[in-house]
Amino acid sequence: MRHLISPLDFTVEELTELLDLANDIERNPEKYAHKCEGKQLATLFYEPSTRTRLSFESAMNRLGGKVIGFATADSSSAAKGESVSDTIRIVSCYADICAMRHPKEGAATVAALKSKIPVINAGDGGHQHPTQTLTDLLTIRSLKGRLDHITIGLCGDLKFGRTVHSLINALVRYEDVKFVLISPPELRVPSYIREEVLNGFDFQEVTDLEDVMPQLDILYMTRVQKERFFNEDDYIRMKDCYILDKAKMKLAKEDMLVLHPLPRVNEISVEVDDDPRAAYFKQVQYGVYVRMALILKLLELA
Ligand code: NCD
């Protein structure tokens, strides 16, 4: 039985197959509309989410399956003190597959150890968010036609942004990917990413977005992760450190793509939404196709 805890759980070849399947689902949704009949997905969300939870639910519904679950820790037995290990044993009796989001790093790994059903990590604290990475990879590959030979700028909260950590992990496996890490000094990527993941790869760390804008093929904007700050003053000082607007978009290549895992707060001005290079709402749609593909793969139905 397989789980998805980290973006490295799939080989590059397996990822290619998964993204191909997602593109086929996009083209022929009716072919997949009954594949999960009789199957249940449990969504165990101990931390707030709109997109990730709803996109899992939408994915399972579009496959003809059913969904059970909870959306906040206080509406589950976690509020009574139940451990993740116990909860997953229980859920293994009710559902065929589960997606879990938890504020603690490593929670999905703990769940997978005790689970009798495939566990999908839908975000564990400031650590990883592999299904957002699958979404990002599908978006880039579908709109750019490739995952190699690209220069990607990752901008904003690179310290706490788990989508950034997962995406870097995944992209270092493709040829000639250059990383431009754009953040205030306080929000640099964690040292383990620099030293263990990016070591030996082409990356630069900068604080100024305008300066690097002309080099980028992809600009991945992120929200300053308010909920992971220890101190409100630091958050307030940094929350608007980067705001992408029309003026900055003028500096970019004509075919640069702007991605964002969403939710957006202030970091992309709404005036950018109509720019044909703004791909963050398309990205949401790709997130559903790739989660459909993932559910099919983990349930061994494709
Ligand atoms: C991201 C997350 O939860 O890490 N959201 C998402 O799942 N699309 C990004 C964020 O919350 O900023």
# chains A, B, ... in the order shown; residues from 1 in each chain; ligands from 1
$ residues_around --residues "A:Asp124" --least-positions-apart "6" --cutoff "7 Å" --atoms "only C-alpha atoms" --output "compact mmCIF listing (two decimals) with N, CA, C and O atoms, in the first residue's frame"
# COMPACT_ATOMS: atom_id res chain seq x y z
N ARG A 101 -4.77 16.99 6.94
CA ARG A 101 -4.00 18.23 7.18
C ARG A 101 -3.88 18.43 8.68
O ARG A 101 -4.86 18.31 9.40
N HIS A 102 -2.65 18.75 9.11
CA HIS A 102 -2.41 18.85 10.55
C HIS A 102 -1.40 19.97 10.81
O HIS A 102 -0.46 20.14 10.02
N PRO A 103 -1.56 20.71 11.93
CA PRO A 103 -0.59 21.79 12.19
C PRO A 103 0.79 21.29 12.60
O PRO A 103 1.76 22.06 12.56
N LYS A 104 0.91 20.01 12.98
CA LYS A 104 2.23 19.52 13.42
C LYS A 104 2.99 18.85 12.28
O LYS A 104 2.46 17.98 11.58
N GLU A 105 4.26 19.23 12.14
CA GLU A 105 5.14 18.61 11.16
C GLU A 105 5.25 17.12 11.48
O GLU A 105 5.46 16.75 12.65
N GLY A 106 5.10 16.27 10.47
CA GLY A 106 5.27 14.83 10.68
C GLY A 106 3.97 14.10 11.02
O GLY A 106 3.97 12.87 11.12
N ALA A 107 2.86 14.82 11.18
CA ALA A 107 1.61 14.16 11.59
C ALA A 107 1.18 13.10 10.56
O ALA A 107 0.75 12.00 10.94
N ALA A 108 1.31 13.40 9.29
CA ALA A 108 0.88 12.45 8.26
C ALA A 108 1.77 11.20 8.28
O ALA A 108 1.30 10.08 8.01
$ residues_near_ligand --ligand "ligand 1" --cutoff "7 Å" --atoms "only C-alpha atoms and all ligand atoms" --output "VMD selection string"
chain A and resid 49 51 to 52 123 129 132 161 to 163 222 to 223 225 261 to 263
$ residues_around --residues "A:Gln40" --least-positions-apart "5" --cutoff "8 Å" --atoms "only C-alpha atoms" --output "ChimeraX atom specification"
/A:65-68,94-97
$ write_last_selection --atoms "N, CA and C atoms" --output "compact mmCIF listing (two decimals), in the first residue's frame"
# COMPACT_ATOMS: atom_id res chain seq x y z
N GLY A 65 -17.13 8.67 -6.22
CA GLY A 65 -16.99 8.17 -4.85
C GLY A 65 -17.70 9.05 -3.85
N LYS A 66 -17.57 8.68 -2.58
CA LYS A 66 -18.22 9.46 -1.51
C LYS A 66 -17.16 10.01 -0.56
N VAL A 67 -17.55 11.03 0.19
CA VAL A 67 -16.61 11.71 1.09
C VAL A 67 -17.19 11.79 2.50
N ILE A 68 -16.35 11.48 3.50
CA ILE A 68 -16.72 11.73 4.90
C ILE A 68 -15.59 12.54 5.51
N TYR A 94 -13.58 2.98 8.29
CA TYR A 94 -14.72 3.64 7.64
C TYR A 94 -14.48 3.95 6.16
N ALA A 95 -13.22 4.25 5.83
CA ALA A 95 -12.95 4.81 4.49
C ALA A 95 -11.89 3.99 3.77
N ASP A 96 -11.72 4.25 2.48
CA ASP A 96 -10.75 3.51 1.65
C ASP A 96 -9.46 4.29 1.46
N ILE A 97 -9.52 5.59 1.69
CA ILE A 97 -8.34 6.46 1.49
C ILE A 97 -8.58 7.72 2.31
$ select_by_dssp --residues "stretch 8-256 of chain A" --states "strand (DSSP E)" --output "MDAnalysis selection string"
chainID A and resid 40:45 66:70 97:102 119:124 150:155 177:182 203:206 218:221
$ atom_distance --atom1 "atom CA of A:Lys239" --atom2 "atom CA of A:Glu210"
17.8 Å
$ residues_around --residues "A:Val206" --least-positions-apart "5" --cutoff "9 Å" --atoms "only C-alpha atoms" --output "ChimeraX atom specification"
/A:180-185,211-212
$ closest_atom_pairs --of "stretch 94-163 of chain A" --to "stretch 5-25 of chain A" --cutoff "12 Å" --atoms "only C-alpha atoms" --output "tab-separated table"
residue	atom	partner	partner_atom	distance
A:Cys98	CA	A:Ile5	CA	11.7
A:Ala99	CA	A:Ile5	CA	10.1
A:Met100	CA	A:Ile5	CA	9.8
A:Arg101	CA	A:Ile5	CA	10.9
A:Glu105	CA	A:Ile5	CA	11.0
A:Gly106	CA	A:Ile5	CA	8.8
A:Ala107	CA	A:Ile5	CA	9.6
A:Ala108	CA	A:Ile5	CA	6.4
A:Thr109	CA	A:Ile5	CA	6.5
A:Val110	CA	A:Ile5	CA	10.1
A:Ala111	CA	A:Ile5	CA	10.0
A:Ala112	CA	A:Ile5	CA	8.3
A:Leu113	CA	A:Ile5	CA	11.2
A:Pro118	CA	A:Ile5	CA	10.0
A:Val119	CA	A:Ile5	CA	7.5
A:Ile120	CA	A:Ile5	CA	6.1
A:Asn121	CA	A:Ile5	CA	4.9
A:Ala122	CA	A:Ile5	CA	8.4
A:Gly123	CA	A:Ile5	CA	8.9
A:Asp124	CA	A:Ile5	CA	9.1
A:His127	CA	A:Ser6	CA	9.4
A:Gln128	CA	A:Ser6	CA	6.6
A:His129	CA	A:Ser6	CA	7.4
A:Pro130	CA	A:Pro7	CA	4.8
A:Thr131	CA	A:Pro7	CA	7.8
A:Gln132	CA	A:Pro7	CA	9.5
A:Thr133	CA	A:Pro7	CA	7.0
A:Leu134	CA	A:Pro7	CA	7.8
A:Thr135	CA	A:Leu19	CA	9.1
A:Asp136	CA	A:Leu19	CA	10.7
A:Leu137	CA	A:Leu19	CA	8.0
A:Leu138	CA	A:Leu19	CA	6.0
A:Thr139	CA	A:Leu19	CA	9.6
A:Ile140	CA	A:Leu19	CA	10.8
A:Arg141	CA	A:Leu19	CA	8.5
A:Ser142	CA	A:Asn23	CA	8.0
A:Leu143	CA	A:Asn23	CA	11.5
A:Gly145	CA	A:Leu19	CA	11.9
A:Arg146	CA	A:Thr16	CA	10.8
A:Leu147	CA	A:Thr16	CA	10.2
A:Asp148	CA	A:Val12	CA	11.8
A:Arg162	CA	A:Ser6	CA	11.0
A:Thr163	CA	A:Pro7	CA	10.4
